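Accompanying notes for the structure given below.
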Amino acid sequence: MDSNSFTGLLNNAAILLALGVIYDALGLHAVTNRTKRKLLSGLLVGTLGIAVMHTPWEMTPGVFFDTRWILISLCGLFFGFIPTLIAVAMTVSLRIYQGGAGAMVGSLVIILPALIGLAWRYGSKRFNQPLDWRRLYLFGFVIQLTVLACLLLMPESMRFNIIAAVGPPIIIIFPVGTMLLGLVLRRQRDRRKAERELKENRYLLDRERGLLRGLVDALPDLISFKDIQGRYLGCNQAFEHYIGRPESYLVGKTDFEITGAVNVNPTELQDHELAATDKARCYEEWVTYPDGRKVLHDTMKTTFHGEDGTTFGLVGVSRDITERKNAEEQIRNLAFYDPLTQLPNRRLLMDRLQMMIATSIRNNCYGAVLFIDLDHFKVLNDTQGHDMGDQLLIAVAARLRDCLREEDTVARLGGDEFVAVIGLLTSNQTNAIATAEEVAEKIRHALCEPYILNSELESGPVQVKDYHSTPSIGISLFRADSNNKNEILKQADMAMYQSKAAGRNAIHFFDPVMQAALEESVALQADLREAIVNQELELYYQVQVEERHGIRGAEVLLRWHHPTRGLVPPMDFIPLAEDSGLIIPIGHWVLETACRQLKIWENHRSKKHWHISVNVSARQFRQPNFVKEVNDIIVSTNINPALLKLELTESLILDDVAGSIDKMRELNEQGICFSMDDFGTGHSSLSNLKRLPLEQLKIDQSFVRDITTDPDDAAIVQVIISLSRSLKLDVIAEGVETEEQRQFLYDNGCRQYQGYLFGRPLSLEQFEEMVESKIFLPEASVSG
């Protein structure tokens with residue numbers, strides 16, 4: 001290759017590299033009309049092809065050598081069919097016009113590379129193959145091989161001379177040149193594509209921003225945006241009105257900077273917490289507008305994120321729900337409340353009564369319905385007018401509210417009829433009757449107090465009048481086995497009419513038996529007071545036995561020998577004593593009497609190791625001076641405290657665990673032992689149980705009774721025995737009546753017993769006789 005040829009190739013290469021620059025400079029990629037852009041691109045490439053063909057390396061006359069096929073092949077690869085067709089047409093026309101021996105071959109080396117470029121373009125798109133430098137080099141190599149193959153069509157006389165002359169630059173230089181020019185075009189194509197996408201994205205972003213802004217501003221809700229540091233990013237017009245500042249003022253500032261508060265705004269603290277936890281938060285809040293209006297807002301705040309999950313900030317939406325809340329409250333009041341007295345109406349009453357019945361079933365407690373009717377109310381309405389009657393009804397409603405607890409319900413059925421529902425009285429019927437009667441009496445006294453009513457005259461000042469009214473009250477008790485709510489209300493209504501029939505201003509229970517029970521309870525309570533004074537109470541003793549050592553002591557049980565009623569069962573008078581407070585002096589007497597007997601046994605050689613178990617009532621144990629009282633009795637009787645065992649129930653301890661532990665520990669330090677009575681019937685937790693300074697667990701007789709026939713009871717007893725062993729506590733079973741029960745307890749590790757199998761509760765003399773005769777022991781007292 002001579003210097004002229006080399007200069008021609010350099011000119012060719014410069015024109016080729018100028019293709020991308022010229023294309024960018026002309027800005028053809030910016031032409032929006034696609035057809036026009038393709039035509040112009042084809043003309044540009046064709047023009048450059050002609051320019052290339054005017055600086056050839058002429059090997060022999062009529063045989064020209066240049067880089068036109070590189071230009072045309074890249075046109076097919078990057079610009080597509082139409083520009084390539086135009087460029088091919090222009091360059092082929094020129095080559096045919098130039099003529100010579102290589103005219104046909106020269107045209108062929110334009111057409112075939114163009115076709116290969118178009119095919120390569122299609123294949124790259126079809127198989128998603130990127131045009132990296134390796135593929136571009138391969139593309140250039142294929143093009144040059146195609147050109148060499150075309151040169152074989154030259155006349156035989158010059159074919160091999162031409163191939164020998166141009167072969168090395170075609171194979172070595174031209175693939176590299178093709179690759180370089182392809183990389184330049186690819187880079188420009190990619191840049192133009194990125195610019196187009198950026199422009200389109202900006203357009204779409206501006207459009208979406210405009211749509212969003214229009215939508216946000218059109219909403220009446222308060223909308224604001226903050227970054228994760230709590231600085232405002234923007235807001236809508238409603239928020240501007242609420243804050244009293246334009247958006248431009250808010251952007252970049254925090255709530256603290258806007259309000260100028262001395263302390264950090266609580267809302268700002270909550271926003272930081274929300275941004276950290278990435279959780280949505282909904283709440284209602286009262287806010288004050290710049291004009292002084294107070295509005296209830298329903299506010300929702302949540303975080304917003306980028307596509308990669310990065311938290312950018314918070315969006316808050318607040319809606320004015322003041323009118324809605326007011327409307328809901330008005331609807332609720334109209335639906336469930338009496339507009340005059342603001343008490344619940346019949347509908348709400350029936351709902352709450354149903355809830356009270358369900359609670360009564362769940363807790364196995366009595367409840368009561370009090371039906372209250374004002375006596376002679378019609379006379380007041382007829383003589384003084386309905387305005388005076390309304391004033392009386394409003395005053396009565398206020399007094400009824402004051403007489404009841406918050407958890408109770410008082411309602412107005414209509415006219416002068418009111419109903420009070422009292423729940424969770426007690427599980428004992430006698431006590432429930434007494435409590436209901438006490439509440440009814442309180443209501444009766446309150447409603448009998450004089451009322452001050454204002455009478456407005458058509459001419460003259462307002463007159464203030466004292467008015468006296470009395471109620472008639474009917475009571476119906478209910479609990480788990482009661483009838484439905486309508487029947488309960490009907491029963492209370494019937495009882496109220498009994499009060500009317502009895503002369504008004506009275507209280508009656510629906511069931512005559514209940515009325516008799518109430519009177520009986522009052523009489524029994526009076527007798528019990530006399531029994532303390534007349535020493536009608538007596539202690540009975542029930543032996544407690546240990547498997548190997550026999551008698552370990554006894555439990556003292558209270559009995560009442562009434563002069564006319566005979567022996568009154570403990571279940572009849574002990575709950576009454578608890579409710580009336582008489583259990584405190586009775587409990588003191590029981591403890592003191594038991595300690596005196598314990599002292600007598602201490603002085604007896606065969607009984608000096610016996611202990612006495614004394615049940616302590618809840619009311620007695622809760623007395624602030626209980627520990628002092630016990631210590632005083634121990635000192636006065638001079639007993640060994642280690643032989644005194646106090647039995648406490650689970651429910652007693654659970655009412656005040658910490659206080660119970662303190663008292664127990666104080667007495668424990670004196671040597672007094674504690675046993676948990678009726679264990680398993682309450683709701684003790686293991687965490688509380690292990691904290692209590694107990695010595696013994698007592699298995700309730702309700703579990704022992706059926707341990708040989710009921711697998712559930714047997715399993716419970718086994719668990720209690722295992723638990724006591726784990727906690728290193730003694731365990732004793734009460735209610736042992738058969739040898740089979742004793743054997744079961746023995747086989748499972750219980751060695752202490754109390755029950756009819758060993759002895760019934762007996763008076764002191766009978767107990768002493770039984771102990772001496774040893775008739776309490778079973779024939780087979782030791783198992784093994």
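Ligands are numbered from 1 in the order shown, chains are lettered A, B, ... in the order of the structure tokens, and residues start at 1 in each chain.
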Problem set entry | Test item: residues at most 12 Å from Val317 (chain A), only C-alpha atoms, excluding those fewer than 3 positions along its chain, as a ChimeraX atom specification | /A:216,219-226,235-236,238-239,280-284,297-303,314,320
For this session: Rank nothing, just name the residue among A:Val543, A:Val176, A:Met496, A:Met350 nearest to Asn484 (chain A), using only C-alpha atoms.
Result: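 Smallest distance to Asn484 (chain A) is found for A:Met350.
Closest approach to Asn505 (chain A) among A:Arg444, A:Arg293, A:Arg68, A:His386: A:Arg444, based on only C-alpha atoms.
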For this session: Skip Lys253 (chain A) itself and residues of its chain fewer than 4 positions away, then list as a ChimeraX atom specification all residues within 7 Å of it, counting only C-alpha atoms.
Result: /A:231-232,257-258
Could you turn the residues from that selection into a file that holds all heavy atoms, as a compact mmCIF listing (two decimals), in the first residue's frame?
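Result file is out_25.txt:
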# COMPACT_ATOMS: atom_id res chain seq x y z
N ARG A 231 -39.24 18.11 59.05
CA ARG A 231 -39.36 19.39 58.34
C ARG A 231 -40.42 19.27 57.25
O ARG A 231 -40.49 18.25 56.55
CB ARG A 231 -38.01 19.79 57.72
CG ARG A 231 -36.91 20.06 58.73
CD ARG A 231 -35.66 20.58 58.03
NE ARG A 231 -35.09 19.58 57.17
CZ ARG A 231 -34.09 18.76 57.52
NH1 ARG A 231 -33.56 18.86 58.73
NH2 ARG A 231 -33.62 17.87 56.67
N TYR A 232 -41.21 20.32 57.10
CA TYR A 232 -42.30 20.30 56.12
C TYR A 232 -41.74 20.31 54.70
O TYR A 232 -40.82 21.08 54.36
CB TYR A 232 -43.21 21.51 56.31
CG TYR A 232 -44.22 21.32 57.42
CD1 TYR A 232 -43.97 21.82 58.69
CD2 TYR A 232 -45.41 20.64 57.19
CE1 TYR A 232 -44.89 21.64 59.72
CE2 TYR A 232 -46.33 20.46 58.20
CZ TYR A 232 -46.07 20.96 59.46
OH TYR A 232 -46.98 20.78 60.47
N GLU A 257 -40.50 25.03 65.20
CA GLU A 257 -40.11 26.34 64.67
C GLU A 257 -41.32 27.17 64.28
O GLU A 257 -41.30 28.41 64.39
CB GLU A 257 -39.20 26.15 63.45
CG GLU A 257 -37.85 25.53 63.80
CD GLU A 257 -37.05 25.14 62.57
OE1 GLU A 257 -37.69 24.88 61.52
OE2 GLU A 257 -35.83 25.07 62.66
N ILE A 258 -42.39 26.52 63.87
CA ILE A 258 -43.59 27.26 63.45
C ILE A 258 -44.35 27.79 64.65
O ILE A 258 -44.75 28.95 64.69
CB ILE A 258 -44.48 26.36 62.59
CG1 ILE A 258 -43.78 26.03 61.27
CG2 ILE A 258 -45.83 27.03 62.32
CD1 ILE A 258 -44.48 24.98 60.46
Problem set entry | Å distance separating CA of Arg559 (chain A) from CA of Ala526 (chain A), one decimal place | 16.9 Å
Exercise. Which residue out of A:Gly177, A:Ile143, A:Gln766, A:Lys36 has the minimum interatomic distance to Trp69 (chain A) when only C-alpha atoms are used?
Worked result: A:Ile143
For this session: Check region 355-406 of chain A with DSSP on the backbone and list each residue it calls strand (DSSP E), as a list in words.
Result: Gly367, Ala368, Val369, Leu370, Phe371, Ile372, Asp373 and Leu374 of chain A
Problem set entry | Residue among A:Val315, A:Leu489, A:Leu349, A:Val522 lying closest to Gly234 (chain A), counting only C-alpha atoms | A:Val315
For this session: Identify, on the basis of only C-alpha atoms, every residue whose closest approach to Arg134 (chain A) does not exceed 12 Å; exclude the query and any residue fewer than 6 positions from it along the same chain; express the result as a PyMOL selection string.
Result: chain A and resi 140-141+175-176+178-180+182-183
